[in-house]
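Source file: model_26.cif (mmCIF, C-alpha atoms)
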data_input
loop_
_atom_site.label_atom_id
_atom_site.label_comp_id
_atom_site.auth_asym_id
_atom_site.auth_seq_id
_atom_site.Cartn_x
_atom_site.Cartn_y
_atom_site.Cartn_z
CA MET V 1 -9.13 -1.32 -31.36
CA GLY V 2 -11.04 1.89 -32.11
CA SER V 3 -9.58 4.91 -30.38
CA LEU V 4 -7.45 3.05 -27.84
CA PHE V 5 -4.10 4.15 -29.22
CA ARG V 6 -3.67 6.77 -31.90
CA ALA V 7 -0.06 5.66 -31.83
CA ALA V 8 -1.05 2.39 -33.47
CA ALA V 9 -1.32 4.31 -36.75
CA LEU V 10 2.44 4.67 -36.67
CA ILE V 11 2.75 0.96 -37.39
CA ALA V 12 1.68 1.57 -40.97
CA THR V 13 4.84 3.57 -41.57
CA MET V 14 7.16 0.83 -40.44
CA THR V 15 8.72 -1.41 -43.08
CA LEU V 16 8.42 -5.17 -43.02
CA SER V 17 12.15 -5.48 -42.47
CA MET V 18 11.99 -3.26 -39.37
CA LEU V 19 9.18 -5.36 -37.91
CA SER V 20 10.98 -8.58 -38.71
CA SER V 21 14.11 -7.33 -36.98
CA ALA V 22 12.24 -6.15 -33.90
CA PHE V 23 10.11 -9.27 -33.50
CA ALA V 24 12.41 -12.02 -34.82
CA LEU V 25 12.70 -15.32 -32.96
CA ASP V 26 15.94 -16.00 -31.15
CA SER V 27 18.50 -17.79 -33.33
CA ARG V 28 18.02 -21.09 -31.49
CA TYR V 29 14.45 -21.41 -32.89
CA ARG V 30 13.04 -21.87 -36.40
CA ASP V 31 9.71 -20.73 -37.85
CA THR V 32 9.43 -22.39 -41.24
CA ASP V 33 5.62 -22.13 -41.44
CA GLY V 34 5.50 -18.39 -40.69
CA ASP V 35 3.14 -18.59 -37.72
CA LEU V 36 5.55 -16.46 -35.59
CA VAL V 37 6.20 -19.24 -33.04
CA ALA V 38 9.02 -21.76 -32.79
CA ASP V 39 8.63 -24.98 -34.77
CA ILE V 40 8.66 -28.33 -32.98
CA PRO V 41 12.20 -29.64 -33.60
CA ALA V 42 13.13 -32.96 -35.16
CA ALA V 43 12.31 -36.06 -33.11
CA ALA V 44 15.91 -36.44 -31.94
CA ASP V 45 15.78 -32.99 -30.32
CA GLN V 46 12.41 -33.40 -28.60
CA VAL V 47 12.25 -33.96 -24.84
CA ASP V 48 9.99 -36.26 -22.78
CA PRO V 49 10.20 -35.21 -19.10
CA ALA V 50 9.12 -37.63 -16.38
CA VAL V 51 7.40 -34.76 -14.54
CA LEU V 52 5.63 -31.87 -16.27
CA ILE V 53 6.30 -28.54 -14.56
CA PHE V 54 3.51 -25.96 -14.78
CA ALA V 55 3.76 -22.28 -13.83
CA TYR V 56 1.07 -19.62 -13.75
CA THR V 57 1.99 -15.99 -14.35
CA PRO V 58 3.28 -14.32 -11.14
CA VAL V 59 0.35 -11.97 -10.55
CA GLU V 60 -0.69 -12.66 -6.97
CA ASP V 61 0.01 -14.98 -3.99
CA PRO V 62 1.46 -18.23 -5.47
CA SER V 63 0.07 -20.31 -2.59
CA VAL V 64 -3.47 -19.26 -3.55
CA TYR V 65 -2.94 -20.29 -7.15
CA ALA V 66 -1.40 -23.65 -6.32
CA ARG V 67 -4.80 -24.56 -4.86
CA VAL V 68 -6.74 -22.91 -7.68
CA TRP V 69 -4.89 -24.88 -10.37
CA ASP V 70 -4.83 -28.23 -8.54
CA SER V 71 -7.90 -29.78 -10.21
CA PHE V 72 -6.68 -28.82 -13.67
CA LEU V 73 -3.21 -30.22 -13.03
CA GLN V 74 -4.74 -33.48 -11.82
CA HIS V 75 -6.72 -33.59 -15.08
CA MET V 76 -3.56 -32.95 -17.11
CA ALA V 77 -1.84 -35.78 -15.26
CA ARG V 78 -4.64 -38.19 -16.17
CA VAL V 79 -4.67 -37.16 -19.84
CA THR V 80 -0.89 -37.17 -20.33
CA GLY V 81 0.01 -40.05 -18.01
CA LYS V 82 2.64 -37.78 -16.42
CA ARG V 83 3.10 -36.42 -12.94
CA VAL V 84 2.42 -32.67 -13.00
CA GLN V 85 3.91 -30.21 -10.52
CA PHE V 86 2.95 -26.58 -9.84
CA PHE V 87 5.98 -24.28 -9.87
CA PRO V 88 5.49 -20.87 -8.17
CA VAL V 89 7.40 -18.10 -9.94
CA GLN V 90 8.14 -14.70 -8.45
CA SER V 91 8.74 -12.66 -11.60
CA ASN V 92 8.07 -12.65 -15.34
CA ALA V 93 11.81 -12.78 -16.02
CA ALA V 94 12.22 -15.87 -13.83
CA GLN V 95 9.35 -17.61 -15.61
CA ILE V 96 10.80 -16.89 -19.06
CA GLU V 97 14.27 -18.01 -17.97
CA ALA V 98 12.88 -21.26 -16.54
CA LEU V 99 11.20 -22.06 -19.87
CA ARG V 100 14.29 -21.14 -21.87
CA ALA V 101 16.48 -23.33 -19.63
CA GLY V 102 14.18 -26.34 -19.94
CA ARG V 103 12.96 -26.26 -16.32
CA LEU V 104 9.38 -25.35 -17.29
CA HIS V 105 7.15 -27.25 -19.70
CA VAL V 106 3.59 -25.87 -19.52
CA ALA V 107 2.80 -22.29 -18.55
CA GLY V 108 0.46 -19.36 -18.50
CA PHE V 109 2.27 -16.15 -19.47
CA ASN V 110 0.70 -12.76 -18.91
CA THR V 111 -0.23 -10.64 -21.91
CA GLY V 112 2.90 -8.50 -22.05
CA SER V 113 5.34 -11.31 -21.36
CA THR V 114 3.90 -13.66 -23.97
CA PRO V 115 5.82 -12.15 -26.94
CA LEU V 116 9.09 -12.35 -25.00
CA ALA V 117 8.34 -15.95 -24.02
CA VAL V 118 7.57 -16.77 -27.67
CA ASN V 119 10.63 -15.10 -29.12
CA CYS V 120 13.21 -15.75 -26.42
CA ALA V 121 12.12 -19.02 -24.82
CA GLY V 122 10.31 -20.99 -27.54
CA PHE V 123 6.86 -20.70 -25.98
CA ARG V 124 4.02 -22.08 -28.11
CA PRO V 125 0.70 -20.42 -27.05
CA MET V 126 -2.37 -22.62 -27.45
CA PHE V 127 -5.27 -21.26 -25.37
CA ILE V 128 -6.67 -18.36 -23.43
CA MET V 129 -9.49 -18.33 -20.88
CA ALA V 130 -12.86 -17.27 -22.26
CA ALA V 131 -16.55 -17.20 -21.41
CA ASN V 132 -18.75 -19.94 -22.82
CA ASP V 133 -19.99 -17.49 -25.48
CA GLY V 134 -16.41 -16.87 -26.68
CA ASP V 135 -15.95 -13.45 -25.05
CA PHE V 136 -12.48 -12.96 -23.60
CA GLY V 137 -9.90 -10.44 -22.54
CA TYR V 138 -9.31 -7.70 -20.00
CA ARG V 139 -9.04 -3.94 -19.93
CA MET V 140 -6.13 -1.73 -18.98
CA GLN V 141 -7.19 0.74 -16.30
CA PHE V 142 -5.76 3.80 -14.60
CA ILE V 143 -6.92 3.92 -11.00
CA THR V 144 -6.61 6.47 -8.21
CA HIS V 145 -7.81 6.74 -4.62
CA PRO V 146 -10.52 9.06 -3.25
CA GLY V 147 -9.05 12.41 -2.26
CA SER V 148 -6.03 12.12 -4.57
CA GLY V 149 -7.05 15.18 -6.57
CA VAL V 150 -6.86 13.13 -9.76
CA GLU V 151 -10.21 13.38 -11.54
CA LYS V 152 -9.12 12.84 -15.14
CA MET V 153 -6.06 11.66 -17.07
CA GLU V 154 -4.70 15.19 -17.53
CA ASP V 155 -4.40 15.47 -13.73
CA ILE V 156 -1.57 12.89 -13.81
CA ARG V 157 0.83 15.70 -14.73
CA GLY V 158 3.32 16.33 -11.95
CA ARG V 159 2.47 13.17 -10.01
CA ARG V 160 3.93 9.72 -9.42
CA VAL V 161 2.45 6.93 -11.52
CA ALA V 162 2.83 3.30 -10.47
CA PHE V 163 3.55 0.75 -13.18
CA THR V 164 4.13 -2.97 -12.58
CA SER V 165 7.14 -4.05 -14.65
CA GLU V 166 8.54 -3.14 -18.05
CA THR V 167 7.40 -6.47 -19.56
CA SER V 168 3.75 -5.94 -18.63
CA ASN V 169 1.29 -4.92 -21.34
CA SER V 170 -1.39 -3.33 -19.14
CA GLY V 171 1.00 -2.49 -16.33
CA TYR V 172 3.52 -0.54 -18.42
CA LYS V 173 3.65 -0.72 -22.23
CA ALA V 174 0.04 0.09 -23.15
CA PRO V 175 -0.40 2.86 -20.53
CA SER V 176 2.95 4.39 -21.53
CA ALA V 177 1.82 4.57 -25.16
CA LEU V 178 -1.51 6.06 -24.13
CA LEU V 179 0.05 8.73 -21.90
CA ARG V 180 2.58 9.72 -24.54
CA ASP V 181 0.49 9.68 -27.70
CA THR V 182 -2.99 10.61 -26.50
CA TYR V 183 -2.29 12.85 -23.51
CA ARG V 184 1.20 14.11 -24.48
CA LEU V 185 2.58 13.15 -21.07
CA GLU V 186 6.22 12.01 -21.07
CA ALA V 187 7.77 9.94 -18.30
CA ASN V 188 10.30 11.83 -16.14
CA ARG V 189 9.20 15.10 -17.73
CA ASP V 190 5.48 15.29 -16.97
CA PHE V 191 5.18 12.53 -14.36
CA THR V 192 7.44 10.30 -12.28
CA PRO V 193 7.20 6.56 -13.04
CA VAL V 194 7.66 4.07 -10.19
CA PHE V 195 7.48 0.27 -10.37
CA SER V 196 5.55 -1.88 -7.92
CA GLY V 197 6.55 -5.25 -9.41
CA ARG V 198 3.04 -6.72 -9.68
CA HIS V 199 -0.54 -5.67 -10.39
CA ASP V 200 -1.77 -6.56 -6.91
CA ASN V 201 1.00 -4.42 -5.40
CA SER V 202 -0.18 -1.49 -7.53
CA VAL V 203 -3.82 -1.95 -6.49
CA LEU V 204 -2.89 -2.17 -2.82
CA GLY V 205 -0.51 0.77 -3.20
CA VAL V 206 -3.32 2.98 -4.49
CA ALA V 207 -5.81 1.67 -1.93
CA ASN V 208 -3.33 2.42 0.87
CA ARG V 209 -2.51 5.84 -0.68
CA ASP V 210 1.12 4.99 -1.35
CA TYR V 211 0.58 5.88 -5.02
CA PRO V 212 -1.79 8.55 -6.33
CA VAL V 213 -2.23 6.74 -9.67
CA ALA V 214 -1.51 3.26 -11.04
CA ALA V 215 -1.92 1.40 -14.33
CA ILE V 216 -3.36 -2.10 -13.83
CA ALA V 217 -5.16 -5.03 -15.47
CA SER V 218 -8.87 -4.90 -14.65
CA GLU V 219 -9.15 -8.64 -13.98
CA VAL V 220 -6.63 -8.49 -11.12
CA ALA V 221 -8.51 -5.74 -9.29
CA ARG V 222 -11.83 -7.57 -9.73
CA ARG V 223 -10.43 -10.78 -8.22
CA MET V 224 -8.89 -8.90 -5.31
CA VAL V 225 -12.22 -7.20 -4.53
CA ALA V 226 -14.06 -10.53 -4.84
CA ARG V 227 -11.66 -12.14 -2.33
CA ASN V 228 -11.95 -9.17 0.06
CA VAL V 229 -8.26 -8.38 -0.31
CA VAL V 230 -9.15 -4.76 -1.03
CA ARG V 231 -12.37 -2.75 -0.71
CA ALA V 232 -14.09 -1.67 -3.90
CA ASP V 233 -14.42 1.90 -2.58
CA ALA V 234 -10.68 2.19 -1.85
CA PHE V 235 -9.96 3.09 -5.49
CA ARG V 236 -11.78 4.32 -8.57
CA VAL V 237 -11.17 4.04 -12.30
CA ILE V 238 -10.35 7.17 -14.31
CA TYR V 239 -9.59 5.42 -17.61
CA GLU V 240 -10.48 2.04 -19.12
CA SER V 241 -9.24 0.72 -22.46
CA ASP V 242 -10.71 -1.58 -25.06
CA ARG V 243 -10.02 -5.29 -24.47
CA PHE V 244 -6.67 -7.05 -24.70
CA PRO V 245 -6.10 -10.81 -24.77
CA THR V 246 -5.45 -12.24 -21.35
CA THR V 247 -2.96 -14.89 -20.16
CA ALA V 248 -1.69 -17.25 -22.88
CA TYR V 249 -1.45 -20.94 -22.00
CA GLY V 250 0.90 -23.19 -23.91
CA VAL V 251 3.98 -25.36 -23.96
CA ALA V 252 7.71 -25.46 -24.48
CA HIS V 253 8.44 -25.88 -28.20
CA ASN V 254 10.67 -28.92 -27.78
CA LEU V 255 8.32 -31.20 -25.85
CA ARG V 256 7.67 -34.47 -27.66
CA ALA V 257 5.11 -33.77 -30.40
CA ASP V 258 2.56 -36.32 -29.20
CA LEU V 259 2.93 -35.01 -25.63
CA GLN V 260 2.12 -31.50 -26.88
CA ASP V 261 -1.02 -32.97 -28.43
CA LYS V 262 -1.97 -34.58 -25.10
CA ILE V 263 -1.46 -31.28 -23.26
CA ARG V 264 -3.64 -29.55 -25.84
CA GLU V 265 -6.27 -32.25 -25.20
CA ALA V 266 -6.06 -31.63 -21.45
CA PHE V 267 -6.84 -27.92 -21.89
CA ALA V 268 -9.63 -28.63 -24.38
CA THR V 269 -11.39 -31.31 -22.29
CA PHE V 270 -11.13 -29.87 -18.79
CA GLN V 271 -14.53 -29.67 -17.10
CA TRP V 272 -14.70 -26.38 -15.20
CA ALA V 273 -17.94 -26.80 -13.26
CA GLY V 274 -17.47 -26.95 -9.49
CA THR V 275 -13.69 -26.45 -9.58
CA ALA V 276 -11.53 -23.89 -7.78
CA LEU V 277 -10.48 -22.63 -11.21
CA ALA V 278 -14.10 -21.81 -12.06
CA GLU V 279 -14.63 -20.20 -8.66
CA GLU V 280 -11.58 -17.97 -9.08
CA PHE V 281 -11.77 -16.97 -12.74
CA GLY V 282 -15.55 -16.98 -12.97
CA LYS V 283 -15.38 -13.66 -11.10
CA THR V 284 -13.72 -11.88 -14.00
CA ILE V 285 -15.59 -9.95 -16.69
CA PRO V 286 -15.99 -11.70 -19.05
CA ALA V 287 -16.00 -14.85 -16.93
CA GLY V 288 -13.35 -17.53 -17.31
CA GLU V 289 -15.43 -20.61 -18.10
CA ARG V 290 -13.34 -22.59 -20.59
CA PHE V 291 -10.02 -22.70 -22.41
CA MET V 292 -10.45 -21.33 -25.93
CA PRO V 293 -7.94 -22.20 -28.71
CA ILE V 294 -6.09 -19.24 -30.22
CA THR V 295 -3.20 -18.50 -32.54
CA TYR V 296 -0.45 -16.20 -31.38
CA ARG V 297 -0.27 -14.53 -34.81
CA ASP V 298 -3.88 -13.31 -34.58
CA ALA V 299 -4.67 -12.95 -30.87
CA TRP V 300 -1.48 -11.06 -29.99
CA LYS V 301 -1.38 -8.72 -32.99
CA VAL V 302 -2.75 -5.82 -30.93
CA VAL V 303 -0.03 -6.39 -28.33
CA ARG V 304 2.71 -6.50 -30.94
CA ASP V 305 1.32 -3.27 -32.43
CA VAL V 306 1.47 -1.54 -29.03
CA ASP V 307 5.01 -2.82 -28.52
CA ALA V 308 6.06 -1.48 -31.90
CA SER V 309 4.49 1.91 -31.17
CA VAL V 310 6.59 2.34 -28.02
CA GLY V 311 9.78 0.97 -29.62
CA VAL V 312 9.88 -2.38 -27.84
CA GLN V 313 12.11 -5.03 -29.40
CA TYR V 314 11.98 -8.66 -28.37
CA THR V 315 15.71 -8.97 -27.84
CA CYS V 316 16.98 -11.98 -25.92
CA ARG V 317 19.85 -11.87 -23.48
#

Target encoding structure tokens, full file:
Amino acid sequence: MGSLFRAAALIATMTLSMLSSAFALDSRYRDTDGDLVADIPAAADQVDPAVLIFAYTPVEDPSVYARVWDSFLQHMARVTGKRVQFFPVQSNAAQIEALRAGRLHVAGFNTGSTPLAVNCAGFRPMFIMAANDGDFGYRMQFITHPGSGVEKMEDIRGRRVAFTSETSNSGYKAPSALLRDTYRLEANRDFTPVFSGRHDNSVLGVANRDYPVAAIASEVARRMVARNVVRADAFRVIYESDRFPTTAYGVAHNLRADLQDKIREAFATFQWAGTALAEEFGKTIPAGERFMPITYRDAWKVVRDVDASVGVQYTCR
């Protein structure tokens, strides 16, 4: 991670027992192989739904993404032999609760919500989007609008800063750690935090001069500019981080084991060329051109480190 967060050095001082307590799976799940995700339960406790429900992280207009994901969901239906339905969710909390309650089977969780989904709802991450050369991820950015008077990070002092939600990595947790540990700026002392609810709301809020500064995920702003939702000159970037992993795609832990294998096959064999998915996510940098297999233990380590540095615990209510 280089110089992204000096606070990450604090992790070295934490004991293994403290980390285990903070990041332990909910008591309803087991992790006997130590991969940090819930084990598939015994056959008697596995479920085989007639219809697979899929939900994409609630970043932007759900109606847009129902169309974007349609070709992939049709592919999943062919591979699994199941009907597949797109389920629009309005918040990260609602998405996690739907998975925990058994109403959601396949999902893409945003970077910051993935650990909560893993620990509290039995989410098993399998893939992320990547370029054909294996490059992946996004950057956390601080943006402002022309004429705001904010030229550098130190100018945030005394102003309002828009975050998205407290579960968001790039929209709250990572920028909070950066402000505190690199720039010595404390919330409610040196700046006033406000919450927009979503990354696109934060981008639009800055562009419309409702907020002087916002912390966002770079990929969201790029897609909004590409779709002419917002003008590129309506905001500018004053800080950009190293890369974080992007949305994690995976399944509910208790789906029938062979069905989980079929879903994995659907992600691995999807042909992107000419699809709405390629049109939408090919605009990101790096481009989304395929689903790349990952392990939660490795790919999300940087996110867990940031969470630990700001005192986040994956407690389940």

Using the chain letters and numbering of this document, enumerate as a list in words the residues selected by the PyMOL selection byres ((chain V and resi 172-185) around 8).
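Output from the PyMOL selection byres ((chain V and resi 172-185) around 8), applied to this file: Leu4, Phe5, Arg6, Ala7, Gly112, Met140, Met153, Glu154, Arg157, Phe163, Thr164, Ser165, Glu166, Thr167, Ser168, Asn169, Ser170, Gly171, Glu186, Ala187, Arg189, Asp190, Phe191, Ala215, Val306, Asp307, Ser309 and Val310 of chain V.
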
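Put simply, the PyMOL selection byres ((chain V and resi 247) around 7) in this file takes in Gly108, Phe109, Asn110, Thr111, Ile128, Pro245, Thr246, Ala248 and Tyr249 of chain V.
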
I'd like to see the residues matched by the PyMOL selection byres ((chain V and resi 49) around 12) on this file, and ideally I'd get them as a PyMOL selection string. chain V and resi 46-48+50-53+80-85+102-106+252+254-256+259-260

Output C-alpha atoms for every residue in that selection, as a PDB file, keeping the file's coordinate frame.
ATOM      1  CA  GLN V  46      12.410 -33.400 -28.600  1.00  0.00           C
ATOM      2  CA  VAL V  47      12.250 -33.960 -24.840  1.00  0.00           C
ATOM      3  CA  ASP V  48       9.990 -36.260 -22.780  1.00  0.00           C
ATOM      4  CA  ALA V  50       9.120 -37.630 -16.380  1.00  0.00           C
ATOM      5  CA  VAL V  51       7.400 -34.760 -14.540  1.00  0.00           C
ATOM      6  CA  LEU V  52       5.630 -31.870 -16.270  1.00  0.00           C
ATOM      7  CA  ILE V  53       6.300 -28.540 -14.560  1.00  0.00           C
ATOM      8  CA  THR V  80      -0.890 -37.170 -20.330  1.00  0.00           C
ATOM      9  CA  GLY V  81       0.010 -40.050 -18.010  1.00  0.00           C
ATOM     10  CA  LYS V  82       2.640 -37.780 -16.420  1.00  0.00           C
ATOM     11  CA  ARG V  83       3.100 -36.420 -12.940  1.00  0.00           C
ATOM     12  CA  VAL V  84       2.420 -32.670 -13.000  1.00  0.00           C
ATOM     13  CA  GLN V  85       3.910 -30.210 -10.520  1.00  0.00           C
ATOM     14  CA  GLY V 102      14.180 -26.340 -19.940  1.00  0.00           C
ATOM     15  CA  ARG V 103      12.960 -26.260 -16.320  1.00  0.00           C
ATOM     16  CA  LEU V 104       9.380 -25.350 -17.290  1.00  0.00           C
ATOM     17  CA  HIS V 105       7.150 -27.250 -19.700  1.00  0.00           C
ATOM     18  CA  VAL V 106       3.590 -25.870 -19.520  1.00  0.00           C
ATOM     19  CA  ALA V 252       7.710 -25.460 -24.480  1.00  0.00           C
ATOM     20  CA  ASN V 254      10.670 -28.920 -27.780  1.00  0.00           C
ATOM     21  CA  LEU V 255       8.320 -31.200 -25.850  1.00  0.00           C
ATOM     22  CA  ARG V 256       7.670 -34.470 -27.660  1.00  0.00           C
ATOM     23  CA  LEU V 259       2.930 -35.010 -25.630  1.00  0.00           C
ATOM     24  CA  GLN V 260       2.120 -31.500 -26.880  1.00  0.00           C
TER      25      GLN V 260
END

Residue nearest Val225 in chain V - candidates V:Leu204, V:Met129, V:Ala121, V:Ile156, atoms counted: only C-alpha atoms =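 Nearest to Val225 in chain V: V:Leu204.
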
task = Compute the distance from (-2.4, -3.8, -8.6) to each atom, counting only C-alpha atoms, keep the residues with any atom at most 12 Å away, and return them as a PyMOL selection string; use the coordinates of the file.
result = chain V and resi 59-60+140-144+162-165+168+170-172+195-208+210-211+213-225+229-230+235

Worksheet entry | Among the residues V:Lys152, V:Arg227, V:Arg139, V:His145, the one that comes closest to Glu279 in chain V [using all atoms listed in the file] |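 Comparing V:Lys152, V:Arg227, V:Arg139, V:His145 against Glu279 in chain V, the winner is V:Arg227.
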
Return as AutoDock Vina command-line options the centre and edge lengths, in Å with one decimal, of the box along x, y and z that encloses every atom of range 135-151 of chain V in the file, padded by 4 Å per side.
--center_x -10.9 --center_y 0.9 --center_z -13.7 --size_x 18.2 --size_y 36.6 --size_z 30.8

key: Answer as a VMD selection string, residues within 12 Å of (17.6, -5.6, -27.5) using all atoms listed in the file   = chain V and resid 21 to 24 26 116 119 to 120 311 to 317

Computed gap from CA of Arg100 in chain V to CA of Ser113 in chain V is 13.3 Å

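Restricting the calculation to only C-alpha atoms, the smallest distance between Ala266 in chain V and any of V:Leu25, V:Val79, V:Ala94, V:Val251 is found for V:Val79.
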
So, with all atoms listed in the file as the atoms that count, which of V:Tyr138, V:Tyr239, V:Phe127, V:Tyr65 lies closest to Glu151 in chain V?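 Among the listed residues, the smallest separation from Glu151 in chain V belongs to V:Tyr239.
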
note - CA of Val89 in chain V and CA of Pro62 in chain V are separated by 7.4 Å

Judged by all atoms listed in the file, the minimum distance to Phe54 in chain V among V:Pro115, V:Gly282, V:Gly250, V:Pro193 is found for V:Gly250

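Minimum distance to Arg78 in chain V across V:Ala226, V:Ile263, V:Val161, V:Val150 (counting only C-alpha atoms) occurs at V:Ile263.
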
Polymer residues at most 9 Å from His75 in chain V, all atoms listed in the file, same-chain spacing of 6 or more positions, as a PyMOL selection string: chain V and resi 266-267+269-271

query = How far is it from CA of Asp298 in chain V to CA of Thr114 in chain V, in Å with one decimal?
reply =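 Answer for the CA of Asp298 in chain V to CA of Thr114 in chain V separation: 13.2 Å.
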